[in-house]
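This is input-v3.txt (compact mmCIF, N, CA and C atoms).
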# COMPACT_ATOMS: atom_id res chain seq x y z
N MET A 1 -76.15 -140.65 -24.06
CA MET A 1 -74.96 -140.28 -23.32
C MET A 1 -74.70 -138.79 -23.52
N ASN A 2 -74.26 -138.13 -22.50
CA ASN A 2 -73.95 -136.70 -22.53
C ASN A 2 -72.58 -136.49 -23.17
N ILE A 3 -72.50 -135.59 -24.15
CA ILE A 3 -71.22 -135.38 -24.84
C ILE A 3 -70.18 -134.67 -23.98
N LEU A 4 -70.59 -134.13 -22.85
CA LEU A 4 -69.63 -133.49 -21.94
C LEU A 4 -68.57 -134.48 -21.46
N PHE A 5 -68.90 -135.76 -21.50
CA PHE A 5 -67.97 -136.81 -21.12
C PHE A 5 -66.69 -136.74 -21.97
N PHE A 6 -66.82 -136.29 -23.24
CA PHE A 6 -65.72 -136.29 -24.19
C PHE A 6 -64.98 -134.95 -24.30
N ILE A 7 -65.54 -133.90 -23.77
CA ILE A 7 -65.05 -132.56 -24.08
C ILE A 7 -63.68 -132.25 -23.46
N THR A 8 -62.86 -131.59 -24.28
CA THR A 8 -61.64 -130.96 -23.79
C THR A 8 -62.02 -129.49 -23.68
N PRO A 9 -62.04 -128.94 -22.47
CA PRO A 9 -62.57 -127.57 -22.29
C PRO A 9 -61.68 -126.50 -22.93
N LYS A 10 -62.30 -125.39 -23.23
CA LYS A 10 -61.63 -124.25 -23.86
C LYS A 10 -60.34 -123.89 -23.13
N SER A 11 -60.33 -124.00 -21.81
CA SER A 11 -59.15 -123.63 -21.03
C SER A 11 -57.94 -124.53 -21.33
N GLU A 12 -58.17 -125.69 -21.94
CA GLU A 12 -57.09 -126.61 -22.26
C GLU A 12 -56.81 -126.70 -23.76
N VAL A 13 -57.47 -125.84 -24.54
CA VAL A 13 -57.35 -125.86 -25.99
C VAL A 13 -56.73 -124.55 -26.47
N ALA A 14 -55.73 -124.64 -27.33
CA ALA A 14 -55.19 -123.43 -27.97
C ALA A 14 -56.16 -123.02 -29.06
N TYR A 15 -56.38 -121.74 -29.20
CA TYR A 15 -57.24 -121.21 -30.25
C TYR A 15 -56.71 -119.84 -30.62
N ILE A 16 -57.21 -119.32 -31.71
CA ILE A 16 -56.81 -117.98 -32.15
C ILE A 16 -58.06 -117.12 -32.24
N ASN A 17 -57.85 -115.80 -32.21
CA ASN A 17 -59.01 -114.93 -32.43
C ASN A 17 -58.86 -114.21 -33.75
N ASP A 18 -59.94 -113.64 -34.20
CA ASP A 18 -59.98 -113.06 -35.54
C ASP A 18 -59.13 -111.80 -35.69
N GLU A 19 -58.49 -111.36 -34.63
CA GLU A 19 -57.59 -110.21 -34.71
C GLU A 19 -56.13 -110.65 -34.86
N PHE A 20 -55.87 -111.96 -34.86
CA PHE A 20 -54.52 -112.47 -35.05
C PHE A 20 -54.05 -112.20 -36.47
N SER A 21 -52.74 -112.14 -36.61
CA SER A 21 -52.14 -112.05 -37.95
C SER A 21 -51.81 -113.47 -38.43
N LEU A 22 -51.47 -113.55 -39.69
CA LEU A 22 -51.04 -114.82 -40.25
C LEU A 22 -49.82 -115.34 -39.49
N ARG A 23 -48.88 -114.46 -39.20
CA ARG A 23 -47.67 -114.86 -38.48
C ARG A 23 -48.01 -115.38 -37.09
N GLN A 24 -48.86 -114.69 -36.35
CA GLN A 24 -49.22 -115.14 -35.01
C GLN A 24 -49.87 -116.53 -35.06
N THR A 25 -50.69 -116.75 -36.07
CA THR A 25 -51.37 -118.04 -36.21
C THR A 25 -50.36 -119.14 -36.49
N ILE A 26 -49.46 -118.88 -37.43
CA ILE A 26 -48.42 -119.87 -37.76
C ILE A 26 -47.62 -120.22 -36.51
N GLU A 27 -47.21 -119.20 -35.78
CA GLU A 27 -46.39 -119.43 -34.59
C GLU A 27 -47.15 -120.19 -33.51
N LYS A 28 -48.42 -119.88 -33.32
CA LYS A 28 -49.20 -120.59 -32.30
C LYS A 28 -49.42 -122.04 -32.69
N MET A 29 -49.73 -122.28 -33.97
CA MET A 29 -49.93 -123.66 -34.42
C MET A 29 -48.63 -124.46 -34.32
N GLU A 30 -47.53 -123.82 -34.66
CA GLU A 30 -46.23 -124.49 -34.57
C GLU A 30 -45.89 -124.81 -33.11
N HIS A 31 -46.11 -123.86 -32.23
CA HIS A 31 -45.81 -124.05 -30.81
C HIS A 31 -46.59 -125.22 -30.21
N HIS A 32 -47.87 -125.31 -30.56
CA HIS A 32 -48.74 -126.36 -29.99
C HIS A 32 -48.73 -127.63 -30.83
N LYS A 33 -48.02 -127.60 -31.96
CA LYS A 33 -47.95 -128.75 -32.87
C LYS A 33 -49.35 -129.13 -33.39
N TYR A 34 -50.16 -128.13 -33.68
CA TYR A 34 -51.51 -128.35 -34.21
C TYR A 34 -51.48 -128.32 -35.74
N THR A 35 -52.33 -129.11 -36.35
CA THR A 35 -52.53 -129.04 -37.79
C THR A 35 -53.78 -128.23 -38.13
N ALA A 36 -54.59 -127.96 -37.13
CA ALA A 36 -55.79 -127.13 -37.28
C ALA A 36 -56.06 -126.48 -35.93
N ILE A 37 -56.66 -125.28 -35.99
CA ILE A 37 -56.89 -124.53 -34.75
C ILE A 37 -58.21 -123.77 -34.84
N PRO A 38 -59.01 -123.78 -33.77
CA PRO A 38 -60.28 -123.04 -33.79
C PRO A 38 -60.04 -121.53 -33.88
N LEU A 39 -60.93 -120.87 -34.60
CA LEU A 39 -60.90 -119.42 -34.79
C LEU A 39 -62.14 -118.84 -34.12
N LEU A 40 -61.92 -117.90 -33.19
CA LEU A 40 -63.01 -117.28 -32.43
C LEU A 40 -63.01 -115.78 -32.66
N ASN A 41 -64.17 -115.16 -32.46
CA ASN A 41 -64.18 -113.70 -32.49
C ASN A 41 -63.92 -113.17 -31.09
N ARG A 42 -63.93 -111.87 -30.95
CA ARG A 42 -63.61 -111.22 -29.68
C ARG A 42 -64.55 -111.65 -28.54
N LYS A 43 -65.78 -112.00 -28.89
CA LYS A 43 -66.77 -112.41 -27.88
C LYS A 43 -66.71 -113.90 -27.56
N GLY A 44 -65.80 -114.62 -28.22
CA GLY A 44 -65.68 -116.05 -27.97
C GLY A 44 -66.57 -116.90 -28.84
N ILE A 45 -67.21 -116.29 -29.84
CA ILE A 45 -68.07 -117.03 -30.76
C ILE A 45 -67.19 -117.80 -31.74
N TYR A 46 -67.51 -119.06 -31.96
CA TYR A 46 -66.77 -119.89 -32.91
C TYR A 46 -67.05 -119.42 -34.33
N ILE A 47 -65.99 -119.10 -35.08
CA ILE A 47 -66.12 -118.65 -36.47
C ILE A 47 -65.80 -119.78 -37.43
N GLY A 48 -64.78 -120.55 -37.12
CA GLY A 48 -64.35 -121.63 -38.01
C GLY A 48 -63.05 -122.22 -37.52
N THR A 49 -62.41 -122.96 -38.39
CA THR A 49 -61.15 -123.60 -38.06
C THR A 49 -60.15 -123.28 -39.16
N ILE A 50 -58.96 -122.90 -38.78
CA ILE A 50 -57.86 -122.65 -39.72
C ILE A 50 -56.99 -123.90 -39.74
N THR A 51 -56.64 -124.36 -40.94
CA THR A 51 -55.80 -125.56 -41.07
C THR A 51 -54.46 -125.19 -41.68
N GLU A 52 -53.51 -126.11 -41.56
CA GLU A 52 -52.22 -125.92 -42.21
C GLU A 52 -52.40 -125.73 -43.72
N GLY A 53 -53.33 -126.47 -44.29
CA GLY A 53 -53.59 -126.34 -45.72
C GLY A 53 -54.05 -124.93 -46.09
N ASP A 54 -54.90 -124.34 -45.25
CA ASP A 54 -55.35 -122.96 -45.49
C ASP A 54 -54.15 -122.01 -45.50
N LEU A 55 -53.26 -122.20 -44.53
CA LEU A 55 -52.07 -121.36 -44.43
C LEU A 55 -51.15 -121.55 -45.63
N LEU A 56 -50.96 -122.80 -46.05
CA LEU A 56 -50.09 -123.07 -47.19
C LEU A 56 -50.63 -122.46 -48.48
N ARG A 57 -51.94 -122.55 -48.70
CA ARG A 57 -52.53 -121.95 -49.89
C ARG A 57 -52.37 -120.43 -49.87
N CYS A 58 -52.52 -119.82 -48.70
CA CYS A 58 -52.33 -118.37 -48.56
C CYS A 58 -50.89 -118.00 -48.88
N ILE A 59 -49.95 -118.74 -48.34
CA ILE A 59 -48.53 -118.47 -48.57
C ILE A 59 -48.19 -118.64 -50.06
N LYS A 60 -48.73 -119.69 -50.68
CA LYS A 60 -48.47 -119.95 -52.10
C LYS A 60 -48.97 -118.80 -52.97
N ASP A 61 -50.11 -118.24 -52.61
CA ASP A 61 -50.71 -117.17 -53.41
C ASP A 61 -50.01 -115.83 -53.24
N ARG A 62 -49.12 -115.72 -52.28
CA ARG A 62 -48.44 -114.44 -52.01
C ARG A 62 -46.93 -114.64 -52.19
N SER A 63 -46.47 -114.37 -53.39
CA SER A 63 -45.06 -114.61 -53.70
C SER A 63 -44.11 -113.70 -52.91
N ASP A 64 -44.62 -112.58 -52.41
CA ASP A 64 -43.78 -111.64 -51.67
C ASP A 64 -43.74 -111.93 -50.16
N LEU A 65 -44.32 -113.05 -49.77
CA LEU A 65 -44.51 -113.30 -48.34
C LEU A 65 -43.21 -113.64 -47.62
N ASN A 66 -43.01 -112.97 -46.50
CA ASN A 66 -41.96 -113.32 -45.54
C ASN A 66 -42.59 -113.10 -44.16
N LEU A 67 -41.89 -113.41 -43.11
CA LEU A 67 -42.49 -113.29 -41.77
C LEU A 67 -42.88 -111.86 -41.44
N HIS A 68 -42.12 -110.89 -41.95
CA HIS A 68 -42.47 -109.49 -41.69
C HIS A 68 -43.80 -109.13 -42.37
N VAL A 69 -43.96 -109.54 -43.61
CA VAL A 69 -45.21 -109.28 -44.34
C VAL A 69 -46.37 -110.04 -43.68
N ALA A 70 -46.10 -111.25 -43.18
CA ALA A 70 -47.14 -112.07 -42.56
C ALA A 70 -47.73 -111.41 -41.32
N GLU A 71 -46.99 -110.49 -40.71
CA GLU A 71 -47.51 -109.76 -39.55
C GLU A 71 -48.64 -108.82 -39.92
N ASP A 72 -48.68 -108.42 -41.21
CA ASP A 72 -49.68 -107.46 -41.67
C ASP A 72 -50.90 -108.11 -42.32
N ILE A 73 -50.94 -109.43 -42.36
CA ILE A 73 -52.07 -110.13 -42.98
C ILE A 73 -52.98 -110.64 -41.88
N PRO A 74 -54.20 -110.07 -41.79
CA PRO A 74 -55.14 -110.55 -40.77
C PRO A 74 -55.57 -111.99 -41.08
N ILE A 75 -55.60 -112.83 -40.09
CA ILE A 75 -55.95 -114.23 -40.29
C ILE A 75 -57.37 -114.37 -40.83
N ILE A 76 -58.21 -113.42 -40.52
CA ILE A 76 -59.60 -113.48 -41.00
C ILE A 76 -59.66 -113.39 -42.52
N GLU A 77 -58.60 -112.87 -43.16
CA GLU A 77 -58.56 -112.77 -44.62
C GLU A 77 -58.10 -114.06 -45.29
N VAL A 78 -57.59 -114.99 -44.52
CA VAL A 78 -57.13 -116.27 -45.09
C VAL A 78 -58.37 -117.10 -45.44
N GLN A 79 -58.42 -117.52 -46.71
CA GLN A 79 -59.53 -118.35 -47.17
C GLN A 79 -59.47 -119.72 -46.50
N ARG A 80 -60.62 -120.16 -46.00
CA ARG A 80 -60.70 -121.49 -45.41
C ARG A 80 -61.37 -122.43 -46.41
N ARG A 81 -60.75 -123.58 -46.62
CA ARG A 81 -61.27 -124.52 -47.60
C ARG A 81 -62.48 -125.31 -47.08
N TRP A 82 -62.46 -125.64 -45.81
CA TRP A 82 -63.53 -126.43 -45.20
C TRP A 82 -64.14 -125.66 -44.04
N HIS A 83 -65.38 -125.97 -43.76
CA HIS A 83 -66.00 -125.42 -42.56
C HIS A 83 -66.18 -126.56 -41.58
N ASN A 84 -65.39 -126.56 -40.51
CA ASN A 84 -65.56 -127.58 -39.47
C ASN A 84 -66.84 -127.26 -38.71
N GLU A 85 -67.78 -128.13 -38.83
CA GLU A 85 -69.07 -127.93 -38.17
C GLU A 85 -68.94 -128.05 -36.67
N PRO A 86 -69.45 -127.09 -35.94
CA PRO A 86 -69.51 -127.25 -34.48
C PRO A 86 -70.77 -128.02 -34.11
N VAL A 87 -70.80 -128.55 -32.91
CA VAL A 87 -72.02 -129.14 -32.38
C VAL A 87 -72.43 -128.35 -31.15
N ASN A 88 -73.70 -128.37 -30.88
CA ASN A 88 -74.23 -127.73 -29.68
C ASN A 88 -73.98 -128.66 -28.50
N ILE A 89 -73.76 -128.09 -27.36
CA ILE A 89 -73.49 -128.84 -26.15
C ILE A 89 -74.59 -129.87 -25.85
N ASN A 90 -75.79 -129.64 -26.36
CA ASN A 90 -76.92 -130.53 -26.10
C ASN A 90 -77.12 -131.59 -27.18
N CYS A 91 -76.21 -131.70 -28.13
CA CYS A 91 -76.41 -132.67 -29.22
C CYS A 91 -76.30 -134.09 -28.68
N ASN A 92 -76.81 -135.03 -29.45
CA ASN A 92 -76.73 -136.43 -29.02
C ASN A 92 -75.48 -137.09 -29.60
N ILE A 93 -75.16 -138.25 -29.08
CA ILE A 93 -73.94 -138.95 -29.46
C ILE A 93 -73.95 -139.33 -30.94
N GLU A 94 -75.11 -139.66 -31.48
CA GLU A 94 -75.20 -140.05 -32.89
C GLU A 94 -74.80 -138.89 -33.80
N ASP A 95 -75.29 -137.69 -33.49
CA ASP A 95 -74.91 -136.51 -34.28
C ASP A 95 -73.43 -136.20 -34.13
N LEU A 96 -72.91 -136.37 -32.94
CA LEU A 96 -71.48 -136.14 -32.69
C LEU A 96 -70.63 -137.08 -33.53
N VAL A 97 -70.98 -138.35 -33.56
CA VAL A 97 -70.23 -139.33 -34.34
C VAL A 97 -70.29 -138.99 -35.82
N THR A 98 -71.47 -138.61 -36.31
CA THR A 98 -71.63 -138.24 -37.72
C THR A 98 -70.73 -137.07 -38.10
N VAL A 99 -70.71 -136.03 -37.28
CA VAL A 99 -69.87 -134.86 -37.57
C VAL A 99 -68.40 -135.23 -37.46
N SER A 100 -68.03 -136.06 -36.50
CA SER A 100 -66.62 -136.40 -36.28
C SER A 100 -66.03 -137.23 -37.41
N MET A 101 -66.86 -137.86 -38.21
CA MET A 101 -66.34 -138.66 -39.32
C MET A 101 -65.70 -137.78 -40.39
N LYS A 102 -66.02 -136.50 -40.39
CA LYS A 102 -65.51 -135.59 -41.41
C LYS A 102 -64.39 -134.68 -40.92
N GLN A 103 -64.09 -134.68 -39.61
CA GLN A 103 -63.13 -133.74 -39.04
C GLN A 103 -62.33 -134.41 -37.93
N ASN A 104 -61.11 -133.92 -37.69
CA ASN A 104 -60.26 -134.49 -36.64
C ASN A 104 -60.76 -134.14 -35.25
N PHE A 105 -61.39 -132.99 -35.12
CA PHE A 105 -61.99 -132.61 -33.86
C PHE A 105 -63.28 -131.88 -34.15
N VAL A 106 -64.16 -131.88 -33.16
CA VAL A 106 -65.45 -131.23 -33.30
C VAL A 106 -65.52 -130.09 -32.29
N PRO A 107 -65.65 -128.85 -32.78
CA PRO A 107 -65.84 -127.72 -31.86
C PRO A 107 -67.21 -127.84 -31.18
N VAL A 108 -67.26 -127.48 -29.92
CA VAL A 108 -68.51 -127.53 -29.16
C VAL A 108 -68.86 -126.10 -28.75
N VAL A 109 -70.12 -125.73 -29.00
CA VAL A 109 -70.59 -124.38 -28.69
C VAL A 109 -71.84 -124.46 -27.82
N ASP A 110 -72.11 -123.36 -27.12
CA ASP A 110 -73.34 -123.30 -26.33
C ASP A 110 -74.47 -122.76 -27.22
N ASP A 111 -75.62 -122.48 -26.62
CA ASP A 111 -76.79 -122.01 -27.38
C ASP A 111 -76.57 -120.65 -28.05
N GLU A 112 -75.59 -119.90 -27.58
CA GLU A 112 -75.28 -118.58 -28.15
C GLU A 112 -74.18 -118.66 -29.21
N GLY A 113 -73.64 -119.85 -29.45
CA GLY A 113 -72.55 -120.02 -30.40
C GLY A 113 -71.18 -119.80 -29.79
N VAL A 114 -71.12 -119.63 -28.46
CA VAL A 114 -69.86 -119.40 -27.78
C VAL A 114 -69.10 -120.72 -27.68
N PHE A 115 -67.84 -120.67 -28.07
CA PHE A 115 -66.96 -121.84 -28.05
C PHE A 115 -66.69 -122.27 -26.62
N ILE A 116 -66.93 -123.56 -26.32
CA ILE A 116 -66.66 -124.05 -24.97
C ILE A 116 -65.63 -125.17 -24.92
N GLY A 117 -65.21 -125.66 -26.10
CA GLY A 117 -64.19 -126.69 -26.13
C GLY A 117 -64.25 -127.50 -27.40
N ILE A 118 -63.51 -128.60 -27.40
CA ILE A 118 -63.50 -129.50 -28.56
C ILE A 118 -63.69 -130.93 -28.08
N ILE A 119 -64.09 -131.75 -29.03
CA ILE A 119 -64.11 -133.20 -28.81
C ILE A 119 -63.26 -133.80 -29.92
N ARG A 120 -62.21 -134.53 -29.51
CA ARG A 120 -61.31 -135.13 -30.48
C ARG A 120 -61.90 -136.43 -31.01
N ARG A 121 -61.73 -136.64 -32.31
CA ARG A 121 -62.23 -137.87 -32.93
C ARG A 121 -61.63 -139.09 -32.26
N LYS A 122 -60.38 -138.99 -31.85
CA LYS A 122 -59.69 -140.09 -31.16
C LYS A 122 -60.48 -140.55 -29.92
N ASP A 123 -61.00 -139.60 -29.15
CA ASP A 123 -61.75 -139.93 -27.94
C ASP A 123 -63.06 -140.64 -28.26
N ILE A 124 -63.69 -140.23 -29.35
CA ILE A 124 -64.94 -140.87 -29.77
C ILE A 124 -64.68 -142.30 -30.23
N ILE A 125 -63.62 -142.48 -31.01
CA ILE A 125 -63.27 -143.82 -31.49
C ILE A 125 -62.93 -144.73 -30.32
N GLN A 126 -62.17 -144.21 -29.36
CA GLN A 126 -61.82 -145.00 -28.17
C GLN A 126 -63.08 -145.45 -27.42
N TYR A 127 -64.03 -144.53 -27.24
CA TYR A 127 -65.29 -144.85 -26.57
C TYR A 127 -66.04 -145.94 -27.33
N CYS A 128 -66.15 -145.78 -28.66
CA CYS A 128 -66.88 -146.76 -29.47
C CYS A 128 -66.19 -148.13 -29.42
N PHE A 129 -64.87 -148.13 -29.44
CA PHE A 129 -64.12 -149.37 -29.36
C PHE A 129 -64.40 -150.10 -28.04
N GLU A 130 -64.38 -149.34 -26.95
CA GLU A 130 -64.62 -149.95 -25.64
C GLU A 130 -66.06 -150.45 -25.52
N LYS A 131 -67.01 -149.71 -26.09
CA LYS A 131 -68.42 -150.12 -26.03
C LYS A 131 -68.72 -151.30 -26.95
N SER A 132 -67.92 -151.49 -27.98
CA SER A 132 -68.18 -152.55 -28.97
C SER A 132 -67.98 -153.95 -28.40
N GLY A 133 -67.17 -154.06 -27.37
CA GLY A 133 -66.88 -155.37 -26.80
C GLY A 133 -65.72 -156.07 -27.48
N VAL A 134 -65.20 -155.51 -28.55
CA VAL A 134 -64.08 -156.12 -29.26
C VAL A 134 -62.86 -156.25 -28.35
N LYS A 135 -62.63 -155.24 -27.56
CA LYS A 135 -61.48 -155.24 -26.65
C LYS A 135 -61.59 -156.41 -25.66
N ASP A 136 -62.79 -156.60 -25.10
CA ASP A 136 -62.99 -157.70 -24.15
C ASP A 136 -62.89 -159.05 -24.83
N LEU A 137 -63.40 -159.14 -26.05
CA LEU A 137 -63.35 -160.40 -26.80
C LEU A 137 -61.90 -160.78 -27.09
N GLU A 138 -61.10 -159.82 -27.52
CA GLU A 138 -59.68 -160.09 -27.79
C GLU A 138 -58.95 -160.48 -26.52
N HIS A 139 -59.29 -159.83 -25.40
CA HIS A 139 -58.64 -160.13 -24.12
C HIS A 139 -58.98 -161.55 -23.66
N SER A 140 -60.24 -161.95 -23.82
CA SER A 140 -60.64 -163.29 -23.37
C SER A 140 -60.03 -164.38 -24.27
N LYS A 141 -59.86 -164.10 -25.56
CA LYS A 141 -59.22 -165.07 -26.45
C LYS A 141 -57.76 -165.26 -26.08
N ALA A 142 -57.13 -164.20 -25.65
CA ALA A 142 -55.71 -164.29 -25.27
C ALA A 142 -55.53 -165.17 -24.05
N LYS A 143 -56.56 -165.24 -23.19
CA LYS A 143 -56.46 -166.04 -21.96
C LYS A 143 -56.81 -167.50 -22.18
N GLU A 144 -57.48 -167.83 -23.30
CA GLU A 144 -57.88 -169.22 -23.55
C GLU A 144 -56.65 -170.07 -23.81
N PRO A 145 -56.64 -171.30 -23.25
CA PRO A 145 -55.50 -172.20 -23.52
C PRO A 145 -55.51 -172.63 -24.99
N ALA A 146 -54.34 -172.78 -25.56
CA ALA A 146 -54.23 -173.19 -26.95
C ALA A 146 -54.57 -174.67 -27.08
N MET A 147 -55.28 -175.01 -28.13
CA MET A 147 -55.63 -176.41 -28.41
C MET A 147 -54.43 -177.09 -29.05
N VAL A 148 -54.07 -178.28 -28.55
CA VAL A 148 -52.93 -179.01 -29.08
C VAL A 148 -53.39 -180.24 -29.80

Render the structure in this file as structure tokens.
Amino acid sequence: MNILFFITPKSEVAYINDEFSLRQTIEKMEHHKYTAIPLLNRKGIYIGTITEGDLLRCIKDRSDLNLHVAEDIPIIEVQRRWHNEPVNINCNIEDLVTVSMKQNFVPVVDDEGVFIGIIRRKDIIQYCFEKSGVKDLEHSKAKEPAMV
């Protein structure tokens, strides 16, 4: 199966670039209600993912931090605890499922490493659930007359 079936394209995904400040990142994540956000460079190459945990650790380590100071901290300087692995647009469904077990979403890149979108773990689970037949089995049991 082609993974393009699952993709949420870049045009529908909020992301930040490596020139953002800590404050801009916090505000963008808050606005979109994201707990993690893709980080791209100026050319659109996927660099990594910034999480709320990364931001909290940065804030904790800077006792002088306020929103004004946060404007002067480049997001690229924030330490990231995990590296969300991207997948290539040509990967197979098995590799996609394996990567998605470790992350809430999977960044998708082209052969040049350019970010083209994400695949949410929720969408993969929904697909697997529908393919498993469990949904149909539960539906057919609900229609069976009860034995008296």

Test item: residues at most 10 Å from segment 114-122 of chain A, only C-alpha atoms, excluding those fewer than 3 positions along its chain, as a ChimeraX atom specification: /A:3-15,38-41,43-47,86-89,96-97,99-111,125-128

Residue set, chain A restricted to strand (DSSP E or B), as a PyMOL selection string: chain A and resi 8-9+16-17+21+36-40+45-51+74+87-88+105-109+114-120

I need the chosen residues saved as a CSV table (one decimal), in the frame of the given file, with N, CA and C atoms.
chain,number,residue,atom,x,y,z
A,8,THR,N,-62.9,-131.6,-24.3
A,8,THR,CA,-61.6,-131.0,-23.8
A,8,THR,C,-62.0,-129.5,-23.7
A,9,PRO,N,-62.0,-128.9,-22.5
A,9,PRO,CA,-62.6,-127.6,-22.3
A,9,PRO,C,-61.7,-126.5,-22.9
A,16,ILE,N,-57.2,-119.3,-31.7
A,16,ILE,CA,-56.8,-118.0,-32.2
A,16,ILE,C,-58.1,-117.1,-32.2
A,17,ASN,N,-57.8,-115.8,-32.2
A,17,ASN,CA,-59.0,-114.9,-32.4
A,17,ASN,C,-58.9,-114.2,-33.8
A,21,SER,N,-52.7,-112.1,-36.6
A,21,SER,CA,-52.1,-112.0,-38.0
A,21,SER,C,-51.8,-113.5,-38.4
A,36,ALA,N,-54.6,-128.0,-37.1
A,36,ALA,CA,-55.8,-127.1,-37.3
A,36,ALA,C,-56.1,-126.5,-35.9
A,37,ILE,N,-56.7,-125.3,-36.0
A,37,ILE,CA,-56.9,-124.5,-34.8
A,37,ILE,C,-58.2,-123.8,-34.8
A,38,PRO,N,-59.0,-123.8,-33.8
A,38,PRO,CA,-60.3,-123.0,-33.8
A,38,PRO,C,-60.0,-121.5,-33.9
A,39,LEU,N,-60.9,-120.9,-34.6
A,39,LEU,CA,-60.9,-119.4,-34.8
A,39,LEU,C,-62.1,-118.8,-34.1
A,40,LEU,N,-61.9,-117.9,-33.2
A,40,LEU,CA,-63.0,-117.3,-32.4
A,40,LEU,C,-63.0,-115.8,-32.7
A,45,ILE,N,-67.2,-116.3,-29.8
A,45,ILE,CA,-68.1,-117.0,-30.8
A,45,ILE,C,-67.2,-117.8,-31.7
A,46,TYR,N,-67.5,-119.1,-32.0
A,46,TYR,CA,-66.8,-119.9,-32.9
A,46,TYR,C,-67.0,-119.4,-34.3
A,47,ILE,N,-66.0,-119.1,-35.1
A,47,ILE,CA,-66.1,-118.6,-36.5
A,47,ILE,C,-65.8,-119.8,-37.4
A,48,GLY,N,-64.8,-120.6,-37.1
A,48,GLY,CA,-64.4,-121.6,-38.0
A,48,GLY,C,-63.0,-122.2,-37.5
A,49,THR,N,-62.4,-123.0,-38.4
A,49,THR,CA,-61.2,-123.6,-38.1
A,49,THR,C,-60.2,-123.3,-39.2
A,50,ILE,N,-59.0,-122.9,-38.8
A,50,ILE,CA,-57.9,-122.6,-39.7
A,50,ILE,C,-57.0,-123.9,-39.7
A,51,THR,N,-56.6,-124.4,-40.9
A,51,THR,CA,-55.8,-125.6,-41.1
A,51,THR,C,-54.5,-125.2,-41.7
A,74,PRO,N,-54.2,-110.1,-41.8
A,74,PRO,CA,-55.1,-110.6,-40.8
A,74,PRO,C,-55.6,-112.0,-41.1
A,87,VAL,N,-70.8,-128.6,-32.9
A,87,VAL,CA,-72.0,-129.1,-32.4
A,87,VAL,C,-72.4,-128.4,-31.2
A,88,ASN,N,-73.7,-128.4,-30.9
A,88,ASN,CA,-74.2,-127.7,-29.7
A,88,ASN,C,-74.0,-128.7,-28.5
A,105,PHE,N,-61.4,-133.0,-35.1
A,105,PHE,CA,-62.0,-132.6,-33.9
A,105,PHE,C,-63.3,-131.9,-34.2
A,106,VAL,N,-64.2,-131.9,-33.2
A,106,VAL,CA,-65.4,-131.2,-33.3
A,106,VAL,C,-65.5,-130.1,-32.3
A,107,PRO,N,-65.6,-128.8,-32.8
A,107,PRO,CA,-65.8,-127.7,-31.9
A,107,PRO,C,-67.2,-127.8,-31.2
A,108,VAL,N,-67.3,-127.5,-29.9
A,108,VAL,CA,-68.5,-127.5,-29.2
A,108,VAL,C,-68.9,-126.1,-28.8
A,109,VAL,N,-70.1,-125.7,-29.0
A,109,VAL,CA,-70.6,-124.4,-28.7
A,109,VAL,C,-71.8,-124.5,-27.8
A,114,VAL,N,-71.1,-119.6,-28.5
A,114,VAL,CA,-69.9,-119.4,-27.8
A,114,VAL,C,-69.1,-120.7,-27.7
A,115,PHE,N,-67.8,-120.7,-28.1
A,115,PHE,CA,-67.0,-121.8,-28.0
A,115,PHE,C,-66.7,-122.3,-26.6
A,116,ILE,N,-66.9,-123.6,-26.3
A,116,ILE,CA,-66.7,-124.0,-25.0
A,116,ILE,C,-65.6,-125.2,-24.9
A,117,GLY,N,-65.2,-125.7,-26.1
A,117,GLY,CA,-64.2,-126.7,-26.1
A,117,GLY,C,-64.2,-127.5,-27.4
A,118,ILE,N,-63.5,-128.6,-27.4
A,118,ILE,CA,-63.5,-129.5,-28.6
A,118,ILE,C,-63.7,-130.9,-28.1
A,119,ILE,N,-64.1,-131.8,-29.0
A,119,ILE,CA,-64.1,-133.2,-28.8
A,119,ILE,C,-63.3,-133.8,-29.9
A,120,ARG,N,-62.2,-134.5,-29.5
A,120,ARG,CA,-61.3,-135.1,-30.5
A,120,ARG,C,-61.9,-136.4,-31.0

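Note that atom CA of Glu85 of chain A and atom CA of Ile26 of chain A are 22.2 Å apart.
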
Shortest interatomic distance to Ile73 of chain A - which of A:Ile124, A:Ala36, A:Leu22, A:Cys91, counting all atoms listed in the file: A:Leu22

With all atoms of segment 103-117 of chain A from the file as input, state the centre and edge lengths in Å to one decimal of the axis-aligned box that has 5 Å extra on each side, as JSON.
{"center_x": -68.5, "center_y": -126.6, "center_z": -32.3, "size_x": 26.5, "size_y": 26.1, "size_z": 24.7}

Distance query Ile37 of chain A at most 6.5 Å, all atoms listed in the file, self and fewer than 6 positions along chain excluded, as an MDAnalysis selection string: chainID A and resid 14:16 48:52

Output of segment 25-30 of chain A limited to N, CA and C atoms, as a compact mmCIF listing (two decimals), in the first residue's frame:
# COMPACT_ATOMS: atom_id res chain seq x y z
N THR A 25 8.08 29.70 18.92
CA THR A 25 7.73 28.28 18.92
C THR A 25 6.64 27.99 19.95
N ILE A 26 6.82 28.53 21.14
CA ILE A 26 5.81 28.33 22.19
C ILE A 26 4.45 28.85 21.72
N GLU A 27 4.46 30.04 21.15
CA GLU A 27 3.20 30.64 20.71
C GLU A 27 2.55 29.85 19.57
N LYS A 28 3.35 29.35 18.65
CA LYS A 28 2.79 28.58 17.53
C LYS A 28 2.22 27.25 18.03
N MET A 29 2.95 26.58 18.93
CA MET A 29 2.46 25.32 19.46
C MET A 29 1.18 25.53 20.28
N GLU A 30 1.15 26.60 21.04
CA GLU A 30 -0.04 26.91 21.83
C GLU A 30 -1.23 27.22 20.92
